Structures are given as structure tokens and as C-alpha cells.
$ cat coords-v2.cif   # mmCIF, N, CA and C atoms
data_protein
loop_
_atom_site.label_atom_id
_atom_site.label_comp_id
_atom_site.auth_asym_id
_atom_site.auth_seq_id
_atom_site.Cartn_x
_atom_site.Cartn_y
_atom_site.Cartn_z
N TYR A 1 9.09 11.93 14.31
CA TYR A 1 8.48 11.26 13.17
C TYR A 1 9.13 9.89 13.01
N ARG A 2 8.32 8.86 12.89
CA ARG A 2 8.83 7.50 12.75
C ARG A 2 8.36 6.92 11.43
N SER A 3 9.07 5.92 10.96
CA SER A 3 8.72 5.32 9.67
C SER A 3 7.43 4.51 9.77
N LEU A 4 6.77 4.33 8.63
CA LEU A 4 5.52 3.60 8.59
C LEU A 4 5.72 2.13 8.93
N GLY A 5 6.87 1.58 8.65
CA GLY A 5 7.14 0.17 8.92
C GLY A 5 7.14 -0.18 10.39
N GLU A 6 7.34 0.81 11.23
CA GLU A 6 7.39 0.52 12.65
C GLU A 6 6.04 0.08 13.20
N GLY A 7 4.97 0.41 12.52
CA GLY A 7 3.65 -0.01 12.96
C GLY A 7 3.42 -1.50 12.80
N SER A 8 4.24 -2.16 12.00
CA SER A 8 4.08 -3.60 11.78
C SER A 8 5.15 -4.42 12.48
N GLU A 9 5.90 -3.82 13.39
CA GLU A 9 6.99 -4.54 14.02
C GLU A 9 6.53 -5.61 14.99
N ARG A 10 5.28 -5.59 15.40
CA ARG A 10 4.79 -6.64 16.29
C ARG A 10 4.32 -7.86 15.51
N ILE A 11 4.46 -7.84 14.21
CA ILE A 11 4.02 -8.95 13.37
C ILE A 11 5.24 -9.79 13.01
N GLU A 12 5.14 -11.10 13.24
CA GLU A 12 6.26 -11.97 12.90
C GLU A 12 6.05 -12.56 11.51
N GLY A 13 6.95 -13.40 11.06
CA GLY A 13 6.99 -13.87 9.68
C GLY A 13 5.73 -14.53 9.16
N LEU A 14 4.98 -15.21 10.01
CA LEU A 14 3.79 -15.91 9.56
C LEU A 14 2.52 -15.09 9.72
N GLY A 15 2.68 -13.81 10.07
CA GLY A 15 1.53 -12.94 10.20
C GLY A 15 0.89 -12.93 11.56
N ARG A 16 1.45 -13.71 12.50
CA ARG A 16 0.90 -13.71 13.86
C ARG A 16 1.42 -12.51 14.61
N SER A 17 0.66 -12.12 15.61
CA SER A 17 1.07 -11.00 16.44
C SER A 17 2.34 -11.35 17.19
N GLY A 18 3.25 -10.41 17.29
CA GLY A 18 4.49 -10.62 18.03
C GLY A 18 4.25 -10.91 19.49
N ASN A 19 3.07 -10.59 19.99
CA ASN A 19 2.74 -10.87 21.38
C ASN A 19 2.55 -12.37 21.61
N GLU A 20 2.46 -13.15 20.55
CA GLU A 20 2.25 -14.59 20.67
C GLU A 20 3.56 -15.37 20.74
N PHE A 21 4.70 -14.68 20.67
CA PHE A 21 5.98 -15.37 20.76
C PHE A 21 6.10 -16.05 22.11
N VAL A 22 6.41 -17.31 22.11
CA VAL A 22 6.54 -18.06 23.36
C VAL A 22 7.89 -17.79 24.00
N HIS A 23 8.93 -17.71 23.21
CA HIS A 23 10.28 -17.58 23.74
C HIS A 23 10.83 -16.16 23.60
N TYR A 24 9.96 -15.19 23.59
CA TYR A 24 10.40 -13.81 23.42
C TYR A 24 11.00 -13.30 24.72
N ILE A 25 12.22 -12.80 24.63
CA ILE A 25 12.90 -12.26 25.80
C ILE A 25 13.27 -10.82 25.49
N GLY A 26 12.94 -9.91 26.37
CA GLY A 26 13.29 -8.52 26.17
C GLY A 26 12.08 -7.63 26.33
N SER A 27 12.29 -6.36 26.09
CA SER A 27 11.20 -5.41 26.25
C SER A 27 10.29 -5.43 25.02
N ALA A 28 9.06 -5.02 25.22
CA ALA A 28 8.09 -5.00 24.13
C ALA A 28 8.46 -3.93 23.11
N VAL A 29 8.12 -4.17 21.85
CA VAL A 29 8.38 -3.21 20.78
C VAL A 29 7.29 -2.15 20.80
N ASP A 30 7.68 -0.90 20.73
CA ASP A 30 6.72 0.19 20.64
C ASP A 30 6.34 0.36 19.18
N ALA A 31 5.17 -0.14 18.81
CA ALA A 31 4.73 -0.11 17.41
C ALA A 31 3.79 1.06 17.15
N SER A 32 3.84 2.07 17.97
CA SER A 32 3.02 3.25 17.74
C SER A 32 3.75 4.18 16.79
N GLY A 33 3.03 5.10 16.23
CA GLY A 33 3.66 6.05 15.32
C GLY A 33 2.67 7.10 14.87
N ARG A 34 3.06 7.83 13.85
CA ARG A 34 2.24 8.92 13.35
C ARG A 34 2.40 8.96 11.83
N LEU A 35 1.28 9.07 11.11
CA LEU A 35 1.32 9.19 9.66
C LEU A 35 1.76 10.60 9.27
N TYR A 36 2.05 10.78 7.99
CA TYR A 36 2.52 12.08 7.51
C TYR A 36 1.50 13.19 7.71
N LYS A 37 0.22 12.85 7.77
CA LYS A 37 -0.82 13.86 7.99
C LYS A 37 -1.00 14.18 9.47
N GLY A 38 -0.35 13.40 10.34
CA GLY A 38 -0.43 13.65 11.77
C GLY A 38 -1.28 12.67 12.56
N GLU A 39 -1.97 11.74 11.89
CA GLU A 39 -2.79 10.77 12.61
C GLU A 39 -1.91 9.80 13.36
N ALA A 40 -2.23 9.56 14.63
CA ALA A 40 -1.45 8.65 15.46
C ALA A 40 -2.04 7.24 15.39
N PHE A 41 -1.20 6.23 15.54
CA PHE A 41 -1.65 4.84 15.60
C PHE A 41 -0.83 4.10 16.64
N ASP A 42 -1.42 3.04 17.18
CA ASP A 42 -0.74 2.21 18.16
C ASP A 42 -0.89 0.75 17.75
N GLY A 43 -0.01 0.29 16.90
CA GLY A 43 -0.05 -1.09 16.45
C GLY A 43 -0.58 -1.23 15.04
N ILE A 44 -0.49 -2.46 14.55
CA ILE A 44 -0.79 -2.74 13.15
C ILE A 44 -2.28 -2.58 12.83
N LYS A 45 -3.16 -2.90 13.77
CA LYS A 45 -4.60 -2.80 13.49
C LYS A 45 -5.01 -1.34 13.27
N GLU A 46 -4.54 -0.46 14.11
CA GLU A 46 -4.86 0.96 13.95
C GLU A 46 -4.17 1.53 12.71
N PHE A 47 -2.95 1.07 12.44
CA PHE A 47 -2.21 1.50 11.25
C PHE A 47 -2.98 1.13 9.99
N LYS A 48 -3.47 -0.10 9.93
CA LYS A 48 -4.23 -0.57 8.78
C LYS A 48 -5.53 0.23 8.62
N LYS A 49 -6.21 0.48 9.74
CA LYS A 49 -7.46 1.24 9.69
C LYS A 49 -7.22 2.65 9.13
N LEU A 50 -6.13 3.28 9.55
CA LEU A 50 -5.82 4.62 9.04
C LEU A 50 -5.48 4.60 7.55
N LEU A 51 -4.72 3.59 7.12
CA LEU A 51 -4.36 3.49 5.70
C LEU A 51 -5.59 3.26 4.82
N LEU A 52 -6.52 2.47 5.32
CA LEU A 52 -7.70 2.13 4.52
C LEU A 52 -8.72 3.26 4.45
N GLN A 53 -8.50 4.34 5.17
CA GLN A 53 -9.42 5.48 5.07
C GLN A 53 -9.31 6.17 3.72
N ASP A 54 -8.20 6.02 3.04
CA ASP A 54 -8.02 6.66 1.74
C ASP A 54 -7.52 5.62 0.74
N LYS A 55 -8.43 4.75 0.30
CA LYS A 55 -8.07 3.65 -0.59
C LYS A 55 -7.54 4.13 -1.93
N GLU A 56 -8.01 5.28 -2.39
CA GLU A 56 -7.57 5.78 -3.69
C GLU A 56 -6.08 6.09 -3.70
N VAL A 57 -5.57 6.63 -2.61
CA VAL A 57 -4.13 6.92 -2.52
C VAL A 57 -3.33 5.63 -2.57
N ILE A 58 -3.79 4.61 -1.84
CA ILE A 58 -3.11 3.31 -1.84
C ILE A 58 -3.17 2.71 -3.24
N ALA A 59 -4.34 2.76 -3.88
CA ALA A 59 -4.50 2.20 -5.22
C ALA A 59 -3.62 2.93 -6.23
N ARG A 60 -3.54 4.25 -6.14
CA ARG A 60 -2.71 5.02 -7.06
C ARG A 60 -1.23 4.61 -6.91
N ASN A 61 -0.79 4.46 -5.68
CA ASN A 61 0.59 4.05 -5.44
C ASN A 61 0.83 2.65 -5.99
N LEU A 62 -0.11 1.74 -5.76
CA LEU A 62 0.02 0.38 -6.28
C LEU A 62 0.09 0.39 -7.81
N ILE A 63 -0.74 1.20 -8.44
CA ILE A 63 -0.72 1.31 -9.90
C ILE A 63 0.64 1.80 -10.37
N HIS A 64 1.17 2.82 -9.73
CA HIS A 64 2.49 3.33 -10.11
C HIS A 64 3.54 2.24 -9.99
N GLN A 65 3.54 1.51 -8.88
CA GLN A 65 4.55 0.47 -8.66
C GLN A 65 4.40 -0.67 -9.67
N LEU A 66 3.17 -1.07 -9.96
CA LEU A 66 2.95 -2.16 -10.92
C LEU A 66 3.30 -1.75 -12.34
N VAL A 67 3.05 -0.50 -12.70
CA VAL A 67 3.43 -0.02 -14.03
C VAL A 67 4.95 -0.02 -14.17
N VAL A 68 5.65 0.41 -13.15
CA VAL A 68 7.12 0.37 -13.19
C VAL A 68 7.59 -1.07 -13.33
N TYR A 69 6.99 -1.98 -12.58
CA TYR A 69 7.37 -3.39 -12.65
C TYR A 69 7.06 -3.98 -14.03
N ALA A 70 5.88 -3.66 -14.56
CA ALA A 70 5.44 -4.26 -15.82
C ALA A 70 6.16 -3.70 -17.04
N THR A 71 6.48 -2.41 -17.01
CA THR A 71 7.06 -1.78 -18.20
C THR A 71 8.57 -1.57 -18.09
N GLY A 72 9.08 -1.57 -16.88
CA GLY A 72 10.50 -1.33 -16.70
C GLY A 72 10.88 0.14 -16.77
N SER A 73 9.89 1.02 -16.82
CA SER A 73 10.18 2.45 -16.85
C SER A 73 9.26 3.17 -15.87
N PRO A 74 9.72 4.29 -15.33
CA PRO A 74 8.90 5.00 -14.33
C PRO A 74 7.67 5.65 -14.95
N VAL A 75 6.70 5.91 -14.11
CA VAL A 75 5.49 6.61 -14.54
C VAL A 75 5.84 8.08 -14.68
N ALA A 76 5.62 8.63 -15.85
CA ALA A 76 5.96 10.03 -16.13
C ALA A 76 4.76 10.93 -15.83
N PHE A 77 5.04 12.21 -15.75
CA PHE A 77 3.99 13.20 -15.53
C PHE A 77 2.94 13.12 -16.64
N ALA A 78 3.37 12.84 -17.84
CA ALA A 78 2.45 12.74 -18.98
C ALA A 78 1.52 11.54 -18.87
N ASP A 79 1.83 10.59 -18.01
CA ASP A 79 1.01 9.38 -17.85
C ASP A 79 -0.11 9.55 -16.82
N ARG A 80 -0.23 10.72 -16.21
CA ARG A 80 -1.18 10.90 -15.12
C ARG A 80 -2.63 10.68 -15.56
N ASP A 81 -2.97 11.02 -16.80
CA ASP A 81 -4.34 10.81 -17.27
C ASP A 81 -4.65 9.32 -17.40
N GLU A 82 -3.68 8.55 -17.85
CA GLU A 82 -3.89 7.11 -17.97
C GLU A 82 -3.98 6.45 -16.60
N VAL A 83 -3.18 6.92 -15.66
CA VAL A 83 -3.27 6.41 -14.29
C VAL A 83 -4.64 6.74 -13.70
N ALA A 84 -5.12 7.95 -13.95
CA ALA A 84 -6.45 8.35 -13.48
C ALA A 84 -7.54 7.49 -14.12
N ALA A 85 -7.36 7.15 -15.39
CA ALA A 85 -8.34 6.29 -16.07
C ALA A 85 -8.35 4.89 -15.45
N ILE A 86 -7.18 4.37 -15.11
CA ILE A 86 -7.09 3.06 -14.46
C ILE A 86 -7.77 3.12 -13.09
N LEU A 87 -7.53 4.19 -12.36
CA LEU A 87 -8.19 4.37 -11.05
C LEU A 87 -9.71 4.39 -11.21
N GLU A 88 -10.19 5.14 -12.17
CA GLU A 88 -11.63 5.24 -12.39
C GLU A 88 -12.22 3.90 -12.80
N LYS A 89 -11.50 3.17 -13.64
CA LYS A 89 -11.97 1.87 -14.13
C LYS A 89 -12.06 0.85 -13.00
N THR A 90 -11.17 0.94 -12.02
CA THR A 90 -11.13 -0.05 -10.94
C THR A 90 -11.88 0.39 -9.69
N LYS A 91 -12.44 1.57 -9.71
CA LYS A 91 -13.17 2.08 -8.54
C LYS A 91 -14.37 1.19 -8.20
N ALA A 92 -15.07 0.70 -9.21
CA ALA A 92 -16.26 -0.13 -8.99
C ALA A 92 -15.92 -1.43 -8.26
N SER A 93 -14.72 -1.94 -8.45
CA SER A 93 -14.31 -3.17 -7.77
C SER A 93 -13.60 -2.87 -6.46
N ASP A 94 -13.72 -1.64 -5.97
CA ASP A 94 -13.09 -1.20 -4.72
C ASP A 94 -11.57 -1.34 -4.81
N TYR A 95 -11.04 -1.05 -6.00
CA TYR A 95 -9.61 -1.07 -6.27
C TYR A 95 -8.98 -2.44 -5.97
N GLY A 96 -9.67 -3.49 -6.38
CA GLY A 96 -9.13 -4.83 -6.19
C GLY A 96 -7.86 -5.03 -7.01
N VAL A 97 -6.93 -5.79 -6.46
CA VAL A 97 -5.64 -5.99 -7.12
C VAL A 97 -5.81 -6.65 -8.49
N ARG A 98 -6.68 -7.63 -8.57
CA ARG A 98 -6.90 -8.31 -9.85
C ARG A 98 -7.41 -7.33 -10.91
N SER A 99 -8.37 -6.50 -10.54
CA SER A 99 -8.90 -5.54 -11.52
C SER A 99 -7.87 -4.48 -11.87
N ILE A 100 -7.02 -4.10 -10.92
CA ILE A 100 -5.95 -3.14 -11.22
C ILE A 100 -4.97 -3.74 -12.23
N ILE A 101 -4.59 -4.98 -12.02
CA ILE A 101 -3.65 -5.64 -12.95
C ILE A 101 -4.27 -5.75 -14.34
N HIS A 102 -5.53 -6.17 -14.42
CA HIS A 102 -6.20 -6.27 -15.72
C HIS A 102 -6.28 -4.91 -16.41
N ALA A 103 -6.61 -3.87 -15.65
CA ALA A 103 -6.72 -2.53 -16.23
C ALA A 103 -5.37 -2.02 -16.72
N ILE A 104 -4.31 -2.32 -15.99
CA ILE A 104 -2.97 -1.89 -16.42
C ILE A 104 -2.59 -2.58 -17.72
N VAL A 105 -2.81 -3.89 -17.78
CA VAL A 105 -2.42 -4.66 -18.97
C VAL A 105 -3.21 -4.22 -20.20
N GLN A 106 -4.44 -3.78 -20.01
CA GLN A 106 -5.27 -3.34 -21.13
C GLN A 106 -5.09 -1.87 -21.47
N SER A 107 -4.31 -1.16 -20.68
CA SER A 107 -4.17 0.29 -20.89
C SER A 107 -3.09 0.61 -21.93
N PRO A 108 -3.21 1.75 -22.59
CA PRO A 108 -2.17 2.20 -23.52
C PRO A 108 -0.83 2.41 -22.81
N LEU A 109 -0.90 2.69 -21.53
CA LEU A 109 0.31 2.88 -20.74
C LEU A 109 1.19 1.64 -20.78
N PHE A 110 0.57 0.48 -20.68
CA PHE A 110 1.29 -0.78 -20.74
C PHE A 110 1.63 -1.16 -22.18
N LEU A 111 0.69 -0.94 -23.09
CA LEU A 111 0.86 -1.41 -24.46
C LEU A 111 1.88 -0.61 -25.26
N ARG A 112 2.11 0.64 -24.91
CA ARG A 112 3.02 1.45 -25.72
C ARG A 112 4.41 1.61 -25.12
N LYS A 113 4.60 1.22 -23.88
CA LYS A 113 5.93 1.39 -23.26
C LYS A 113 6.80 0.20 -23.53
#
$ encode --input "coords-v2.cif" --output "C-alpha cells"
Amino acid sequence: YRSLGEGSERIEGLGRSGNEFVHYIGSAVDASGRLYKGEAFDGIKEFKKLLLQDKEVIARNLIHQLVVYATGSPVAFADRDEVAAILEKTKASDYGVRSIIHAIVQSPLFLRK
């Protein structure tokens, strides 16, 4: 089992593929891996395609992280209904980051913490 970050090791700082390095010396990085469900990937493009198959999971995680950042406190078990409401509210926009941020700021989760 390898970490998820290894799938992006061929990407350099400016977002270009590591294969474009002109002065790269050494062996190629093996950016293949396997997700927790068992799906295999070979490189960042396949990794991204696998992650985007379940956008709701990614959106839920982003909501949790943004709520922690915005409120300074972790998302509690009791907050799951409000997180679900934010997910439902942003589903129409395909879980866009802007709509997620707006929904969080307008939610009781943000206003009462």
C-alpha cells in the first residue's frame, strides 16, 4: 500500500509533468499506486480520474477541512446533518468550491461556532 501523494510525484512545482525536466538525472519515479478501495492508477492523470469518480466524498472532505479552518474547531458528530445540508445545497453546482464556501458561511455550523 502506498500513499496517495505518490501519484503526483511526476508533477513539478509549476504543474508541468516531471517528464519535461531538461536536466533530470536518475531513474524515473514510479508514480503508480492503489487507492484504499483497491483501484490501481499509474500517474497523476489516472489518479485524478479515479478521485473524480466520487465527487461527493471529495466535497465532504473539503467541507470538513474548510469548516475547521473557518471556525477553528473540528466538525463534530452532531454536525453531520449540517454538513449533509451543505452537500445537498452545493450538489447543483457540481460541488464547486465557491458554492461550498458560500454555503458554509451561510450555514448555522459557521454562524454558531
$ atom_distance --input "coords-v2.cif" --atom1 "atom CA of Val67 of chain A" --atom2 "atom N of Ala103 of chain A"
10.9 Å
$ closest_residue --input "coords-v2.cif" --among "A:Val75, A:Ala40, A:Ala84, A:Leu66" --to "Ile104 of chain A" --atoms "only C-alpha atoms"
A:Leu66
$ atom_distance --input "coords-v2.cif" --atom1 "atom C of Ala70 of chain A" --atom2 "atom N of Arg112 of chain A"
9.9 Å
$ atom_distance --input "coords-v2.cif" --atom1 "atom CA of Gln53 of chain A" --atom2 "atom C of Leu109 of chain A"
28.2 Å
$ closest_residue --input "coords-v2.cif" --among "A:Asp30, A:Ile63, A:Leu87, A:Gly96" --to "Asp42 of chain A" --atoms "only N, CA and C atoms"
A:Asp30
$ select_by_dssp --input "coords-v2.cif" --residues "segment 29-95 of chain A" --states "strand (DSSP E)" --output "number ranges by chain"
A: 32-34, 40-42
$ residues_around --input "coords-v2.cif" --residues "Lys55 of chain A" --least-positions-apart "6" --cutoff "8 Å" --atoms "all atoms listed in the file" --output "number ranges by chain"
A: 61, 94-95
$ axis_aligned_box --input "coords-v2.cif" --around "segment 62-68 of chain A" --padding-each-side "5 Å" --output "AutoDock Vina command-line options"
--center_x 3.4 --center_y 0.6 --center_z -10.0 --size_x 18.3 --size_y 15.5 --size_z 18.4
$ residues_around --input "coords-v2.cif" --residues "Ser107 of chain A" --least-positions-apart "6" --cutoff "8 Å" --atoms "all atoms listed in the file" --output "list in words"
Glu82, Ile86, Ile101 and Lys113 of chain A
